[in-house]
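K.L.:
Hey, dropping my_file-v3.txt in here, compact mmCIF, C-alpha atoms and all ligand atoms:
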```txt
# COMPACT_ATOMS: atom_id res chain seq x y z
CA MET A 1410 72.30 89.01 75.64
CA TYR A 1411 74.82 87.59 78.11
CA ASP A 1412 75.37 89.35 81.41
CA ILE A 1413 79.13 88.86 81.12
CA VAL A 1414 81.26 87.88 78.12
CA ILE A 1415 84.81 86.96 79.13
CA ILE A 1416 87.60 87.13 76.54
CA GLY A 1417 90.22 84.51 77.42
CA ALA A 1418 90.05 81.26 79.38
CA GLY A 1419 93.29 81.56 81.31
CA THR A 1420 93.43 81.72 85.09
CA ALA A 1421 91.93 85.22 85.16
CA GLY A 1422 89.08 84.48 82.74
CA LEU A 1423 88.10 81.16 84.33
CA SER A 1424 88.23 82.68 87.82
CA ALA A 1425 86.01 85.53 86.63
CA ALA A 1426 83.58 82.97 85.19
CA ILE A 1427 83.37 81.12 88.53
CA TYR A 1428 82.54 84.33 90.37
CA GLY A 1429 80.13 85.50 87.67
CA VAL A 1430 78.01 82.33 87.56
CA ARG A 1431 78.01 81.99 91.34
CA ALA A 1432 76.55 85.51 91.46
CA GLY A 1433 73.69 84.24 89.26
CA LYS A 1434 74.83 85.85 86.01
CA THR A 1435 74.87 84.36 82.50
CA VAL A 1436 78.50 84.02 81.52
CA LEU A 1437 80.10 83.19 78.17
CA ILE A 1438 83.85 82.55 77.93
CA LEU A 1439 85.56 82.94 74.55
CA GLU A 1440 88.93 81.24 74.03
CA SER A 1441 91.04 81.37 70.88
CA GLY A 1442 93.40 78.55 71.89
CA MET A 1443 93.23 75.93 74.59
CA PHE A 1444 91.70 76.71 77.99
CA GLY A 1445 94.31 77.36 80.65
CA GLY A 1446 96.36 80.05 78.91
CA GLN A 1447 100.09 80.38 79.51
CA ILE A 1448 100.27 77.94 82.38
CA VAL A 1449 98.65 74.98 80.67
CA ASN A 1450 101.93 73.36 79.56
CA SER A 1451 103.93 74.18 82.66
CA ARG A 1452 105.39 71.07 84.30
CA CYS A 1453 104.89 72.13 87.88
CA ILE A 1454 103.30 74.94 89.87
CA GLU A 1455 104.56 75.26 93.42
CA ASN A 1456 103.52 78.77 94.41
CA TYR A 1457 99.74 78.72 94.26
CA PRO A 1458 98.50 79.09 97.86
CA GLY A 1459 96.84 75.95 99.19
CA ILE A 1460 98.13 73.71 96.37
CA PRO A 1461 101.68 72.58 97.19
CA LYS A 1462 102.37 71.02 93.78
CA ILE A 1463 100.32 70.62 90.61
CA SER A 1464 100.98 70.47 86.85
CA GLY A 1465 99.84 73.39 84.70
CA TYR A 1466 97.44 71.13 82.82
CA GLU A 1467 95.83 69.71 85.95
CA PHE A 1468 95.48 73.21 87.42
CA SER A 1469 93.89 74.54 84.21
CA LYS A 1470 91.61 71.53 83.82
CA GLN A 1471 90.30 71.87 87.38
CA LEU A 1472 89.63 75.58 86.87
CA TYR A 1473 87.90 74.91 83.55
CA ASP A 1474 85.78 72.05 84.97
CA GLN A 1475 84.84 74.19 87.96
CA ALA A 1476 83.72 77.12 85.78
CA VAL A 1477 81.78 74.96 83.30
CA SER A 1478 80.15 72.72 85.91
CA LEU A 1479 78.93 75.81 87.75
CA GLY A 1480 77.18 76.93 84.55
CA ALA A 1481 79.58 79.06 82.50
CA GLU A 1482 79.25 78.64 78.73
CA TYR A 1483 82.50 78.05 76.85
CA ARG A 1484 83.17 78.67 73.18
CA SER A 1485 86.37 78.07 71.17
CA THR A 1486 86.66 81.21 69.12
CA ARG A 1487 88.71 84.38 68.96
CA ALA A 1488 87.19 87.70 69.97
CA ALA A 1489 88.22 89.97 67.11
CA ASN A 1490 86.55 93.25 68.02
CA LEU A 1491 84.53 94.93 70.69
CA LEU A 1492 81.89 97.57 70.03
CA LYS A 1493 79.61 99.62 72.24
CA LYS A 1494 75.95 99.90 71.22
CA ASP A 1495 73.15 101.59 73.16
CA GLY A 1496 74.56 100.90 76.61
CA SER A 1497 75.59 97.30 75.88
CA PHE A 1498 78.47 95.66 74.05
CA THR A 1499 78.89 93.58 70.92
CA VAL A 1500 81.74 91.11 70.68
CA LEU A 1501 82.58 90.18 67.10
CA THR A 1502 84.18 86.76 66.78
CA GLU A 1503 86.56 85.77 64.02
CA GLU A 1504 85.21 82.33 63.20
CA GLY A 1505 81.76 82.62 61.69
CA LYS A 1506 81.82 86.37 62.30
CA GLU A 1507 79.29 86.02 65.10
CA GLU A 1508 77.95 89.05 66.93
CA LEU A 1509 77.56 88.34 70.63
CA SER A 1510 75.75 90.79 72.88
CA ALA A 1511 76.82 91.45 76.45
CA LYS A 1512 75.87 93.79 79.24
CA THR A 1513 79.49 93.73 80.45
CA VAL A 1514 82.79 92.43 79.10
CA ILE A 1515 85.83 91.18 80.99
CA VAL A 1516 89.01 91.20 78.92
CA ALA A 1517 91.31 88.47 80.27
CA ALA A 1518 93.40 87.96 77.15
CA GLY A 1519 96.75 87.53 78.93
CA ALA A 1520 100.00 88.09 77.10
CA LYS A 1521 102.22 86.36 74.53
CA HIS A 1522 105.92 85.79 74.18
CA ARG A 1523 108.16 88.49 72.75
CA THR A 1524 110.34 87.42 69.81
CA LEU A 1525 114.02 88.20 69.14
CA GLY A 1526 113.37 89.47 65.62
CA VAL A 1527 116.59 88.01 64.22
CA PRO A 1528 117.18 86.19 60.91
CA GLY A 1529 116.25 82.52 61.11
CA GLU A 1530 113.88 82.88 64.07
CA GLU A 1531 110.63 82.86 62.13
CA LYS A 1532 111.74 80.13 59.71
CA LEU A 1533 112.89 77.81 62.51
CA LYS A 1534 109.95 78.36 64.89
CA GLY A 1535 108.88 74.88 66.00
CA GLN A 1536 112.06 73.46 64.40
CA GLY A 1537 114.29 74.24 67.36
CA VAL A 1538 113.14 77.76 68.20
CA SER A 1539 110.76 77.65 71.14
CA TYR A 1540 109.12 80.10 73.53
CA CYS A 1541 108.21 77.53 76.14
CA ALA A 1542 110.88 75.35 77.72
CA ALA A 1543 108.27 73.57 79.79
CA CYS A 1544 106.42 72.57 76.63
CA ASP A 1545 109.30 71.72 74.27
CA GLY A 1546 112.32 71.12 76.49
CA ALA A 1547 111.93 67.34 76.54
CA PHE A 1548 112.56 67.20 72.78
CA PHE A 1549 116.13 68.36 73.40
CA ARG A 1550 117.24 65.65 75.81
CA ASN A 1551 121.04 65.17 75.62
CA GLN A 1552 121.35 68.05 73.14
CA GLU A 1553 122.91 71.51 73.35
CA VAL A 1554 120.55 74.46 73.72
CA ALA A 1555 120.59 78.21 74.25
CA VAL A 1556 118.26 80.11 76.56
CA VAL A 1557 117.91 83.84 75.88
CA GLY A 1558 116.88 86.31 78.58
CA GLY A 1559 117.71 87.69 81.99
CA GLY A 1560 114.48 87.40 83.96
CA SER A 1561 113.09 84.65 86.17
CA THR A 1562 111.54 82.82 83.22
CA ALA A 1563 114.90 82.54 81.43
CA LEU A 1564 116.62 81.43 84.63
CA SER A 1565 114.05 78.79 85.47
CA ASP A 1566 113.99 77.60 81.83
CA ALA A 1567 117.78 77.17 81.99
CA ALA A 1568 117.46 75.28 85.28
CA VAL A 1569 114.81 72.92 83.93
CA LEU A 1570 116.70 72.30 80.67
CA SER A 1571 120.00 71.66 82.48
CA ASP A 1572 118.38 68.63 84.13
CA TYR A 1573 118.32 66.75 80.82
CA CYS A 1574 120.19 68.70 78.14
CA LYS A 1575 123.88 68.09 77.53
CA LYS A 1576 124.72 71.79 77.60
CA VAL A 1577 122.77 74.99 78.26
CA TYR A 1578 124.10 78.41 77.16
CA LEU A 1579 122.35 81.20 79.04
CA ILE A 1580 122.63 84.26 76.80
CA HIS A 1581 121.86 87.64 78.32
CA ARG A 1582 122.58 91.10 76.96
CA ARG A 1583 123.66 92.48 80.36
CA ASP A 1584 126.10 91.21 82.99
CA THR A 1585 123.51 90.99 85.78
CA PHE A 1586 120.16 89.23 85.89
CA ARG A 1587 116.74 90.68 86.72
CA GLY A 1588 115.51 87.30 87.89
CA GLU A 1589 115.78 85.67 91.31
CA ALA A 1590 119.32 85.67 92.78
CA LYS A 1591 118.73 82.20 94.25
CA LEU A 1592 118.14 80.80 90.75
CA VAL A 1593 121.34 82.45 89.48
CA ASP A 1594 123.30 80.77 92.30
CA THR A 1595 121.73 77.40 91.47
CA LEU A 1596 122.72 77.77 87.81
CA LYS A 1597 126.31 78.77 88.69
CA GLU A 1598 126.71 75.43 90.40
CA LYS A 1599 125.60 73.43 87.36
CA GLU A 1600 128.50 72.10 85.30
CA ASN A 1601 126.53 71.99 82.06
CA VAL A 1602 125.36 75.63 82.23
CA GLU A 1603 127.52 78.33 80.63
CA PHE A 1604 126.73 82.02 81.10
CA VAL A 1605 127.17 84.07 77.91
CA LEU A 1606 126.80 87.59 79.26
CA ASN A 1607 126.82 91.02 77.59
CA SER A 1608 125.73 89.13 74.51
CA ARG A 1609 122.87 88.85 72.09
CA ILE A 1610 121.90 86.43 69.36
CA THR A 1611 122.14 88.09 65.94
CA ALA A 1612 121.14 85.09 63.80
CA ILE A 1613 119.79 81.56 64.11
CA HIS A 1614 121.10 79.09 61.53
CA GLY A 1615 119.82 75.81 60.12
CA GLU A 1616 118.03 74.44 57.07
CA GLU A 1617 115.42 72.01 58.44
CA ALA A 1618 116.18 72.59 62.12
CA VAL A 1619 118.36 74.80 64.32
CA GLU A 1620 122.07 74.00 63.97
CA SER A 1621 123.79 77.02 65.52
CA VAL A 1622 123.42 80.63 66.60
CA THR A 1623 125.63 83.66 66.06
CA VAL A 1624 126.24 85.56 69.27
CA GLU A 1625 127.57 89.10 69.40
CA ASN A 1626 129.35 90.49 72.46
CA VAL A 1627 127.75 93.90 72.90
CA SER A 1628 130.42 95.06 75.34
CA ILE A 1629 133.73 94.28 73.61
CA GLY A 1630 132.41 93.53 70.13
CA GLY A 1631 133.05 90.43 68.05
CA THR A 1632 130.87 87.42 67.30
CA LYS A 1633 131.05 83.68 67.83
CA GLU A 1634 129.04 80.65 66.74
CA LEU A 1635 127.46 78.33 69.29
CA PRO A 1636 126.50 74.86 68.07
CA VAL A 1637 122.97 74.42 69.48
CA GLN A 1638 119.95 72.43 68.39
CA GLY A 1639 117.46 74.41 70.45
CA VAL A 1640 116.91 78.11 71.18
CA PHE A 1641 114.56 78.97 74.03
CA VAL A 1642 113.49 82.59 73.87
CA ALA A 1643 112.45 84.06 77.23
CA VAL A 1644 112.69 87.81 76.71
CA GLY A 1645 109.35 88.92 78.06
CA GLN A 1646 105.83 89.21 76.86
CA VAL A 1647 103.53 91.40 74.84
CA PRO A 1648 99.80 91.70 75.39
CA ASP A 1649 97.30 91.51 72.53
CA ASN A 1650 94.46 93.80 73.51
CA GLN A 1651 93.74 95.13 70.03
CA MET A 1652 90.19 93.74 70.12
CA ALA A 1653 89.40 96.29 72.86
CA ALA A 1654 91.67 99.11 71.71
CA GLY A 1655 88.80 101.09 70.18
CA LEU A 1656 87.05 101.37 73.55
CA VAL A 1657 89.61 101.20 76.36
CA GLU A 1658 92.87 103.03 76.98
CA LEU A 1659 96.09 101.06 76.57
CA ASP A 1660 99.53 102.01 77.86
CA ASP A 1661 102.62 102.34 75.61
CA MET A 1662 103.25 98.61 75.82
CA GLY A 1663 99.66 97.73 74.88
CA TYR A 1664 98.47 96.71 78.37
CA ILE A 1665 94.96 97.83 79.33
CA ILE A 1666 95.23 100.69 81.80
CA SER A 1667 93.46 99.53 84.92
CA GLY A 1668 93.94 99.61 88.68
CA GLU A 1669 93.35 96.92 91.29
CA ASP A 1670 89.58 97.44 90.83
CA CYS A 1671 89.97 96.04 87.27
CA LYS A 1672 87.94 98.95 85.89
CA THR A 1673 89.00 100.34 82.52
CA SER A 1674 88.47 103.73 80.92
CA CYS A 1675 85.20 102.38 79.46
CA PRO A 1676 82.47 101.72 82.05
CA GLY A 1677 81.20 98.14 81.65
CA ILE A 1678 84.51 96.77 80.35
CA PHE A 1679 86.84 95.25 82.93
CA ALA A 1680 90.40 93.95 82.58
CA ALA A 1681 91.72 90.96 84.52
CA GLY A 1682 95.08 89.20 84.72
CA ASP A 1683 98.26 89.66 82.70
CA CYS A 1684 96.56 91.81 80.05
CA ARG A 1685 96.28 94.82 82.35
CA THR A 1686 98.81 97.23 83.83
CA LYS A 1687 100.13 95.67 87.05
CA GLU A 1688 103.31 94.90 88.93
CA VAL A 1689 102.97 91.17 89.57
CA ARG A 1690 101.88 88.85 86.76
CA GLN A 1691 101.26 85.51 88.42
CA LEU A 1692 98.50 82.92 88.74
CA VAL A 1693 97.41 84.12 92.13
CA THR A 1694 97.07 87.73 90.96
CA ALA A 1695 95.27 86.60 87.79
CA ALA A 1696 92.78 84.60 89.88
CA SER A 1697 92.35 87.53 92.22
CA ASP A 1698 91.69 89.87 89.29
CA GLY A 1699 89.11 87.43 87.95
CA ALA A 1700 87.14 87.65 91.20
CA VAL A 1701 87.45 91.43 91.42
CA ALA A 1702 86.46 91.97 87.76
CA ALA A 1703 83.45 89.66 87.93
CA LEU A 1704 82.11 91.24 91.12
CA ALA A 1705 82.68 94.71 89.64
CA ALA A 1706 80.76 93.61 86.53
CA CYS A 1707 77.89 92.40 88.75
CA GLU A 1708 77.82 95.72 90.56
CA PHE A 1709 77.80 97.58 87.23
CA MET A 1710 74.61 95.75 86.21
CA ILE A 1711 72.64 96.78 89.32
C1 LIG B 1801 106.25 78.89 81.23
C2 LIG B 1801 105.48 79.67 82.29
C3 LIG B 1801 105.49 79.25 83.60
C4 LIG B 1801 104.82 79.98 84.58
N1 LIG B 1801 104.83 79.51 85.86
C5 LIG B 1801 104.13 80.15 86.80
C6 LIG B 1801 104.08 79.65 88.14
O1 LIG B 1801 104.67 78.61 88.45
N2 LIG B 1801 103.35 80.33 89.05
C7 LIG B 1801 102.68 81.49 88.74
O2 LIG B 1801 102.02 82.04 89.61
N3 LIG B 1801 102.70 81.97 87.49
C8 LIG B 1801 103.40 81.35 86.51
N4 LIG B 1801 103.43 81.85 85.25
C9 LIG B 1801 102.68 83.09 84.95
C10 LIG B 1801 101.20 82.76 84.77
O3 LIG B 1801 101.08 81.69 83.87
C11 LIG B 1801 100.43 83.98 84.27
O4 LIG B 1801 100.59 85.04 85.16
C12 LIG B 1801 98.95 83.64 84.13
O5 LIG B 1801 98.78 82.58 83.22
C13 LIG B 1801 98.13 84.84 83.67
O6 LIG B 1801 96.82 84.42 83.49
P1 LIG B 1801 95.82 85.22 82.53
O7 LIG B 1801 94.53 84.50 82.61
O8 LIG B 1801 95.86 86.66 82.83
O9 LIG B 1801 96.45 85.11 81.08
P2 LIG B 1801 96.81 83.85 80.16
O10 LIG B 1801 97.22 82.69 80.96
O11 LIG B 1801 97.78 84.42 79.15
O12 LIG B 1801 95.44 83.50 79.44
C14 LIG B 1801 94.87 84.34 78.47
C15 LIG B 1801 94.01 83.52 77.54
O13 LIG B 1801 93.30 84.39 76.66
C16 LIG B 1801 93.26 83.83 75.37
N5 LIG B 1801 93.05 84.89 74.40
C17 LIG B 1801 93.90 85.90 74.07
N6 LIG B 1801 93.35 86.72 73.16
C18 LIG B 1801 92.11 86.22 72.91
C19 LIG B 1801 91.06 86.64 72.03
N7 LIG B 1801 91.15 87.72 71.26
N8 LIG B 1801 89.93 85.88 72.01
C20 LIG B 1801 89.79 84.77 72.79
N9 LIG B 1801 90.78 84.33 73.62
C21 LIG B 1801 91.91 85.06 73.69
C22 LIG B 1801 94.62 83.13 75.24
O14 LIG B 1801 94.59 82.11 74.25
C23 LIG B 1801 94.81 82.57 76.64
O15 LIG B 1801 94.31 81.26 76.78
C24 LIG B 1801 104.11 81.15 84.24
C25 LIG B 1801 104.10 81.60 82.92
C26 LIG B 1801 104.77 80.86 81.94
C27 LIG B 1801 104.75 81.34 80.51
```
Have the structure of the file written as structure tokens, please.

P.N.:
Amino acid sequence: MYDIVIIGAGTAGLSAAIYGVRAGKTVLILESGMFGGQIVNSRCIENYPGIPKISGYEFSKQLYDQAVSLGAEYRSTRAANLLKKDGSFTVLTEEGKEELSAKTVIVAAGAKHRTLGVPGEEKLKGQGVSYCAACDGAFFRNQEVAVVGGGSTALSDAAVLSDYCKKVYLIHRRDTFRGEAKLVDTLKEKENVEFVLNSRITAIHGEEAVESVTVENVSIGGTKELPVQGVFVAVGQVPDNQMAAGLVELDDMGYIISGEDCKTSCPGIFAAGDCRTKEVRQLVTAASDGAVAALAACEFMI
């Protein structure tokens, strides 16, 4: 029986582990992919207080090493389901169908990229369709690419890609952006960036790899083809909290309903980081949630 089982080894989960083990608790972290979560492939982080500049990998590795060297146990496996039994919890894992017992559980499962849901997207995933410019952008050096979205992620993806791609089409279904105005101004000054506003991609074409996209103007109607080899989709995220859905309340979008205290509707289960309802989804707030959730879990066990 672990004191705390943490689902997800992103910034929130690893921060929770650090606080949990330092409070003398037995902590097991479960991770379905690679430790580090969303940030692991990011080229550069410049907004984490106290660290002026660091790569996503280095940041994740340091967090992981810190948690493990302090005594947290780490296991590569997906948490598939969460059950409550006689005042404690059972986490069922997918691989091996293990049953892990825990006095408390911290869900820190983050969020995943939203898809466009258009023809060609699924078939050409990894063949030109990408959800991470920081991870895949370098493959499109001197090529023409499209970035889809209107938030800060889409804007910064377009900025990064414009440094080495021949041409970047920024496709957004409205005529104004939700993302940072400063980034919009920077992009306007770039000669190889073209804004395709009031528009949406209706199809992605290509046999072995992306060759073009069809773009529809949602304001005046009509479609046109853009010859691109890469499509970077940055239209938001969706959480995957289904493993806890039987025990905790989720909002309409699937985020775990929780306040700044990281408590959920089920006593003993805590939610930390991007997987919970919150205004600001960033590394610093994920780390902060990790600390709050772990300390709340410790208090729950008293
Ligand atoms: C390209 C990009 C760049 C960004 N740049 C910045 C930046 O510069 N500064 C900043 O502050 N923020 C940045 N962010 C946002 C930041 O990365 C997130 O806010 C942060 O990663 C959230 O951390 P988290 O631990 O809550 O979730 P995540 O990082 O999403 O980690 C969740 C982890 O849980 C795992 N998981 C999910 N389900 C299960 C399961 N069932 N079982 C086991 N494991 C599971 C996932 O594999 C993942 O590793 C960026 C995000 C992206 C995508």

K.L.:
Calculated over all atoms listed in the file, which of the candidates A:Gly1639, A:Gly1677, A:Gly1663, A:Gly1422 has the smallest distance to Leu1533 (chain A)?

P.N.:
A:Gly1639

K.L.:
Compute the set of protein, DNA and RNA residues whose minimum atom distance to ligand LIG 1801 (chain B) is at most 7 Å, using all atoms listed in the file, and state it as a count of residues only.

P.N.:
47

K.L.:
From the list A:Val1430, A:Ala1511, A:Val1637, A:Val1689, which residue is nearest Ser1497 (chain A) when using only C-alpha atoms?

P.N.:
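The answer is A:Ala1511, which sits nearest to Ser1497 (chain A).
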
K.L.:
Which residue out of A:Val1627, A:Val1569, A:Val1557, A:Leu1492 has the minimum interatomic distance to Lys1512 (chain A) when all atoms listed in the file are used?

P.N.:
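Smallest separation from Lys1512 (chain A) among the options: A:Leu1492.
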
K.L.:
As a list in words, please: the residues near region 1597-1612 of chain A (cut-off 6 Å, all atoms listed in the file, same-chain neighbours under 4 positions excluded).

P.N.:
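Using all atoms listed in the file, the neighbours found are Val1527, Pro1528, Lys1576, Val1577, Tyr1578, Leu1579, Ile1580, His1581, Arg1582, Arg1583, Asp1584, Val1622, Thr1623, Val1624, Glu1625, Asn1626, Val1627 and Ser1628 of chain A.
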
K.L.:
So that I can see what lies close to Glu1620 (chain A), please list as a PyMOL selection string the residues with an atom at most 7 Å from it, counting all atoms listed in the file and leaving out residues fewer than 6 positions away in the same chain.

P.N.:
chain A and resi 1614+1636-1638
